[in-house]
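J.: One file: upload_18.cif (mmCIF, C-alpha atoms).
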```cif
data_protein
#
loop_
_atom_site.label_atom_id
_atom_site.label_comp_id
_atom_site.auth_asym_id
_atom_site.auth_seq_id
_atom_site.Cartn_x
_atom_site.Cartn_y
_atom_site.Cartn_z
CA MET M 1394 0.00 0.00 0.00
CA GLN M 1395 1.22 3.47 -0.88
CA ASN M 1396 1.91 6.14 1.71
CA ILE M 1397 -1.42 7.89 2.00
CA ASP M 1398 -3.05 10.08 4.59
CA ILE M 1399 -5.98 7.78 5.33
CA GLN M 1400 -7.56 10.27 7.73
CA SER M 1401 -7.66 12.96 5.02
CA LEU M 1402 -8.95 10.50 2.44
CA CYS M 1403 -11.68 9.41 4.86
CA ILE M 1404 -12.79 12.99 5.46
CA TYR M 1405 -12.65 13.85 1.75
CA ALA M 1406 -14.61 10.77 0.68
CA ARG M 1407 -17.26 11.32 3.35
CA GLN M 1408 -17.66 14.96 2.31
CA PHE M 1409 -17.79 14.16 -1.40
CA ALA M 1410 -20.29 11.30 -0.93
CA GLY M 1411 -22.41 13.27 1.53
CA LEU M 1412 -21.93 10.53 4.11
CA ASP M 1413 -22.74 12.19 7.41
CA ASP M 1414 -23.53 10.81 10.85
CA ASP M 1415 -27.29 10.88 10.18
CA LYS M 1416 -26.90 8.65 7.11
CA ILE M 1417 -24.62 6.29 9.02
CA THR M 1418 -27.28 6.05 11.75
CA VAL M 1419 -29.90 5.22 9.10
CA LEU M 1420 -27.67 2.41 7.80
CA HIS M 1421 -27.27 1.00 11.31
CA HIS M 1422 -31.05 1.16 11.89
CA ILE M 1423 -31.97 -0.61 8.65
CA HIS M 1424 -29.34 -3.35 9.00
CA PRO M 1425 -31.59 -5.73 11.00
CA ASP M 1426 -34.32 -5.39 8.34
CA VAL M 1427 -31.96 -5.79 5.40
CA CYS M 1428 -29.56 -8.39 6.81
CA PRO M 1429 -31.74 -11.41 5.90
CA HIS M 1430 -31.66 -10.25 2.25
CA LEU M 1431 -27.90 -9.71 1.88
CA GLN M 1432 -27.19 -13.28 0.76
CA GLU M 1433 -29.72 -12.77 -2.03
CA VAL M 1434 -27.96 -9.54 -3.06
CA THR M 1435 -24.63 -11.38 -3.08
CA ASP M 1436 -26.02 -14.28 -5.12
CA ILE M 1437 -27.55 -11.93 -7.70
CA PHE M 1438 -24.33 -9.90 -7.79
CA TYR M 1439 -22.19 -12.91 -8.70
CA GLU M 1440 -24.81 -14.28 -11.06
CA ARG M 1441 -24.65 -10.98 -12.94
CA LEU M 1442 -20.84 -10.95 -12.95
CA GLN M 1443 -20.75 -14.49 -14.30
CA GLY M 1444 -23.11 -13.43 -17.10
CA ILE M 1445 -20.85 -10.59 -18.28
CA PRO M 1446 -18.09 -11.97 -20.53
CA LYS M 1447 -15.48 -9.40 -19.40
CA THR M 1448 -16.07 -10.13 -15.70
CA ALA M 1449 -16.72 -13.87 -15.83
CA ASP M 1450 -13.02 -14.74 -16.15
CA PHE M 1451 -12.17 -12.73 -13.03
CA VAL M 1452 -14.57 -14.70 -10.82
CA ALA M 1453 -14.28 -18.13 -12.45
CA GLY M 1454 -13.42 -20.87 -9.99
CA GLN M 1455 -13.63 -18.66 -6.92
CA VAL M 1456 -17.23 -17.54 -6.72
CA GLU M 1457 -18.01 -19.25 -3.40
CA ASN M 1458 -15.01 -17.66 -1.64
CA LEU M 1459 -15.77 -14.29 -3.20
CA LYS M 1460 -19.40 -14.54 -2.05
CA LYS M 1461 -18.26 -14.94 1.56
CA THR M 1462 -16.09 -11.83 1.34
CA HIS M 1463 -18.82 -9.90 -0.44
CA LEU M 1464 -21.44 -10.82 2.16
CA THR M 1465 -19.11 -9.73 4.95
CA TRP M 1466 -18.56 -6.40 3.17
CA LEU M 1467 -22.31 -5.82 2.65
CA ASN M 1468 -22.84 -6.27 6.38
CA GLU M 1469 -19.97 -3.86 7.07
CA LEU M 1470 -21.49 -1.38 4.63
CA LEU M 1471 -24.54 -1.22 6.88
CA THR M 1472 -22.75 -1.34 10.24
CA SER M 1473 -19.50 0.57 9.74
CA ASP M 1474 -18.61 3.87 11.36
CA PHE M 1475 -16.88 4.80 8.06
CA GLY M 1476 -13.82 5.87 9.98
CA VAL M 1477 -10.12 5.49 9.39
CA GLU M 1478 -9.98 1.69 9.85
CA TYR M 1479 -12.82 1.07 7.40
CA THR M 1480 -11.20 3.50 4.96
CA ARG M 1481 -7.88 1.68 5.29
CA LYS M 1482 -9.61 -1.64 4.62
CA LEU M 1483 -11.31 -0.30 1.47
CA TYR M 1484 -8.04 1.24 0.32
CA HIS M 1485 -6.46 -2.19 0.58
CA VAL M 1486 -9.31 -3.65 -1.52
CA GLY M 1487 -8.57 -1.14 -4.29
CA ASP M 1488 -4.91 -2.16 -4.15
CA LEU M 1489 -5.87 -5.84 -4.44
CA HIS M 1490 -8.00 -5.06 -7.48
CA VAL M 1491 -4.90 -3.65 -9.18
CA LYS M 1492 -2.86 -6.73 -8.29
CA VAL M 1493 -5.43 -9.03 -9.94
CA ARG M 1494 -5.62 -6.60 -12.89
CA LEU M 1495 -9.32 -5.96 -12.44
CA PRO M 1496 -10.35 -3.15 -14.80
CA VAL M 1497 -11.23 0.01 -12.86
CA GLU M 1498 -14.71 0.28 -14.35
CA PHE M 1499 -15.66 -3.00 -12.67
CA MET M 1500 -15.80 -1.26 -9.29
CA ALA M 1501 -18.30 1.34 -10.52
CA GLY M 1502 -20.31 -1.35 -12.29
CA ALA M 1503 -20.35 -3.44 -9.14
CA MET M 1504 -21.74 -0.53 -7.13
CA VAL M 1505 -24.54 -0.12 -9.68
CA ILE M 1506 -25.53 -3.78 -9.27
CA ILE M 1507 -25.45 -3.51 -5.48
CA GLN M 1508 -27.43 -0.27 -5.41
CA SER M 1509 -30.03 -1.63 -7.79
CA GLU M 1510 -30.63 -4.75 -5.72
CA MET M 1511 -30.57 -2.96 -2.38
CA VAL M 1512 -33.03 -0.29 -3.56
CA ARG M 1513 -35.33 -3.05 -4.79
CA ILE M 1514 -35.20 -4.61 -1.32
CA PHE M 1515 -35.78 -1.23 0.34
CA GLY M 1516 -38.84 -0.83 -1.87
CA GLU M 1517 -40.19 -4.16 -0.65
CA LEU M 1518 -39.38 -3.48 3.02
CA TYR M 1519 -40.40 0.16 3.23
CA ALA M 1520 -43.17 0.46 0.63
CA GLU M 1521 -45.50 1.82 3.29
CA ASP M 1522 -42.96 4.31 4.67
CA GLN M 1523 -41.75 6.66 1.93
CA GLY M 1524 -39.61 8.64 4.37
CA LYS M 1525 -37.72 5.53 5.43
CA LEU M 1526 -37.40 4.37 1.81
CA VAL M 1527 -35.88 7.70 0.77
CA ALA M 1528 -33.60 7.89 3.82
CA ALA M 1529 -32.36 4.30 3.29
CA THR M 1530 -31.70 4.96 -0.41
CA GLN M 1531 -29.83 8.19 0.29
CA ALA M 1532 -27.76 6.54 3.02
CA LEU M 1533 -26.93 3.60 0.74
CA ASN M 1534 -25.92 5.93 -2.10
CA ALA M 1535 -23.65 7.87 0.24
CA ALA M 1536 -22.08 4.69 1.66
CA THR M 1537 -21.45 3.09 -1.72
CA GLY M 1538 -20.20 6.42 -3.08
CA PHE M 1539 -17.77 6.68 -0.18
CA SER M 1540 -16.59 3.11 -0.76
CA LEU M 1541 -16.11 3.65 -4.47
CA LEU M 1542 -14.18 6.90 -3.95
CA VAL M 1543 -11.76 5.24 -1.54
CA MET M 1544 -11.23 2.16 -3.71
CA GLN M 1545 -10.72 4.24 -6.85
CA GLU M 1546 -8.18 6.46 -5.10
CA SER M 1547 -6.28 3.35 -4.07
CA TYR M 1548 -6.64 1.82 -7.52
CA GLN M 1549 -5.24 4.94 -9.17
CA SER M 1550 -2.32 5.23 -6.74
CA SER M 1551 -1.49 1.53 -6.96
CA SER M 1552 -1.72 1.57 -10.76
CA LEU M 1553 0.65 4.52 -11.01
CA ALA M 1554 3.08 2.90 -8.57
CA ALA M 1555 3.05 -0.33 -10.59
CA GLU M 1556 3.63 1.57 -13.82
CA LEU M 1557 6.52 3.45 -12.24
CA GLU M 1558 8.10 0.22 -11.02
CA ASN M 1559 7.83 -1.22 -14.54
CA PHE M 1560 9.37 1.95 -15.99
CA LEU M 1561 12.28 1.80 -13.54
CA LYS M 1562 12.83 -1.88 -14.27
CA ILE M 1563 12.75 -1.39 -18.04
CA THR M 1564 15.03 1.67 -18.03
CA GLY M 1565 17.35 0.48 -15.28
CA MET M 1566 16.91 3.85 -13.58
CA SER M 1567 17.20 3.88 -9.82
CA ARG M 1568 14.32 5.12 -7.71
CA THR M 1569 16.61 7.76 -6.21
CA LEU M 1570 17.55 9.14 -9.63
CA PHE M 1571 13.90 9.18 -10.70
CA ASP M 1572 12.86 10.98 -7.49
CA ASN M 1573 15.65 13.56 -7.98
CA LEU M 1574 14.58 14.18 -11.57
CA ALA M 1575 10.93 14.46 -10.56
CA ASN M 1576 11.78 16.94 -7.79
CA ALA M 1577 13.91 19.02 -10.16
CA TYR M 1578 11.08 19.05 -12.70
CA ARG M 1579 8.53 20.20 -10.09
CA LYS M 1580 10.79 23.12 -9.07
CA LYS M 1581 10.81 24.59 -12.59
CA PRO M 1582 8.58 27.68 -13.00
#
```
Render the structure in this file as structure tokens.
T.:
Amino acid sequence: MQNIDIQSLCIYARQFAGLDDDKITVLHHIHPDVCPHLQEVTDIFYERLQGIPKTADFVAGQVENLKKTHLTWLNELLTSDFGVEYTRKLYHVGDLHVKVRLPVEFMAGAMVIIQSEMVRIFGELYAEDQGKLVAATQALNAATGFSLLVMQESYQSSSLAAELENFLKITGMSRTLFDNLANAYRKKP
């Protein structure tokens, strides 16, 4: 993992996603209602991924293990405090996605699938309470937006670091020389 100010990233992602304490409280309150449906969301999620040719190869042969991780994350999405530790964990996930060469757009696409299924469930659970339906949907959008922002930041940083390492390896340039050249370039007016 790259050197990153996780605290600042956490604050930035929460601000950008509109994830405030009220929305986090909503997520915590709806968790008991939604929890029995999270396995269904996970099953549909991986069913969809297996049906998309570009994603099927990434999940082939490991769907059952991935489902366990995904289900754990969905529960965390509804119970997290969205603080530094959760941000660090998501940052690590973005880094792992780079290591397995998962295309960056898969993360955004995954969030769309999750949001779609969760909103459908909210509609079933809270059809008689429009206020709760809207609050749950807004809280979910903020939480998934936060998660996506953190993972994409990590993905971008990890991708750039990997490209730099390849460049240094190919050119035979030392990291020190590269850093000195980069610093000299930044100092130019």
J.: Just need the box for region 1443-1447 of chain M, edges along x, y and z, holding every atom the file lists for it with 4 Å tacked onto each side, so centre and edge lengths in Å to one decimal, as lines of an AutoDock Vina configuration file.
T.:
```
center_x = -19.3
center_y = -11.9
center_z = -17.4
size_x = 15.6
size_y = 13.1
size_z = 14.2
```
J.: Would you mind reading off the distance between CA of Val1486 (chain M) and CA of Phe1539 (chain M), one decimal, in Å?
T.: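 Result for CA of Val1486 (chain M) versus CA of Phe1539 (chain M): 13.4 Å, one decimal.
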J.: Given the file shown, enumerate the residues that the PyMOL selection byres ((chain M and resi 1456) around 12) captures and present them as a list in words.
T.: Thr1435, Asp1436, Ile1437, Phe1438, Tyr1439, Glu1440, Arg1441, Leu1442, Gln1443, Thr1448, Ala1449, Asp1450, Phe1451, Val1452, Ala1453, Gly1454, Gln1455, Glu1457, Asn1458, Leu1459, Lys1460, Lys1461, Thr1462, His1463 and Leu1464 of chain M
J.: Just to confirm, what's the straight-line distance from CA of Tyr1405 (chain M) to CA of Lys1525 (chain M) in Å (one decimal)?
T.: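 CA of Lys1525 (chain M) lies at a distance of 26.7 Å from CA of Tyr1405 (chain M).
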J.: Can you pull out every residue within 7 Å of region 1497-1513 of chain M, counting all atoms listed in the file, but drop anything in the same chain fewer than 5 positions away, and send it as a list in words?
T.: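 These residues fall inside the cut-off: Val1434, Phe1438, Thr1530, Thr1537 and Leu1541 of chain M.
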J.: Between M:Thr1472, M:Asn1576, M:Thr1465, M:Gln1545, which residue has the minimum interatomic distance to Tyr1484 (chain M), considering only C-alpha atoms?
T.: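 Smallest separation from Tyr1484 (chain M) among the options: M:Gln1545.
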J.: Go through M:Leu1420, M:Leu1431, M:Leu1467, M:Leu1402 one by one, measure the shortest atom-to-atom distance of each to Ala1532 (chain M) using all atoms listed in the file, and give the residue with the smallest value.
T.: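 Counting all atoms listed in the file, the residue closest to Ala1532 (chain M) is M:Leu1420.
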J.: With only C-alpha atoms as the atoms that count, which of M:Ala1536, M:Val1527, M:Met1544, M:Ile1514 lies nearest to Asp1488 (chain M)?
T.: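 Selected residue with least distance to Asp1488 (chain M): M:Met1544.
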J.: Would you mind telling me which residue in M:His1421, M:Arg1407, M:His1430, M:Arg1579 lies nearest to Val1477 (chain M) when using all atoms listed in the file?
T.: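 Of all the options, M:Arg1407 lies closest to Val1477 (chain M).
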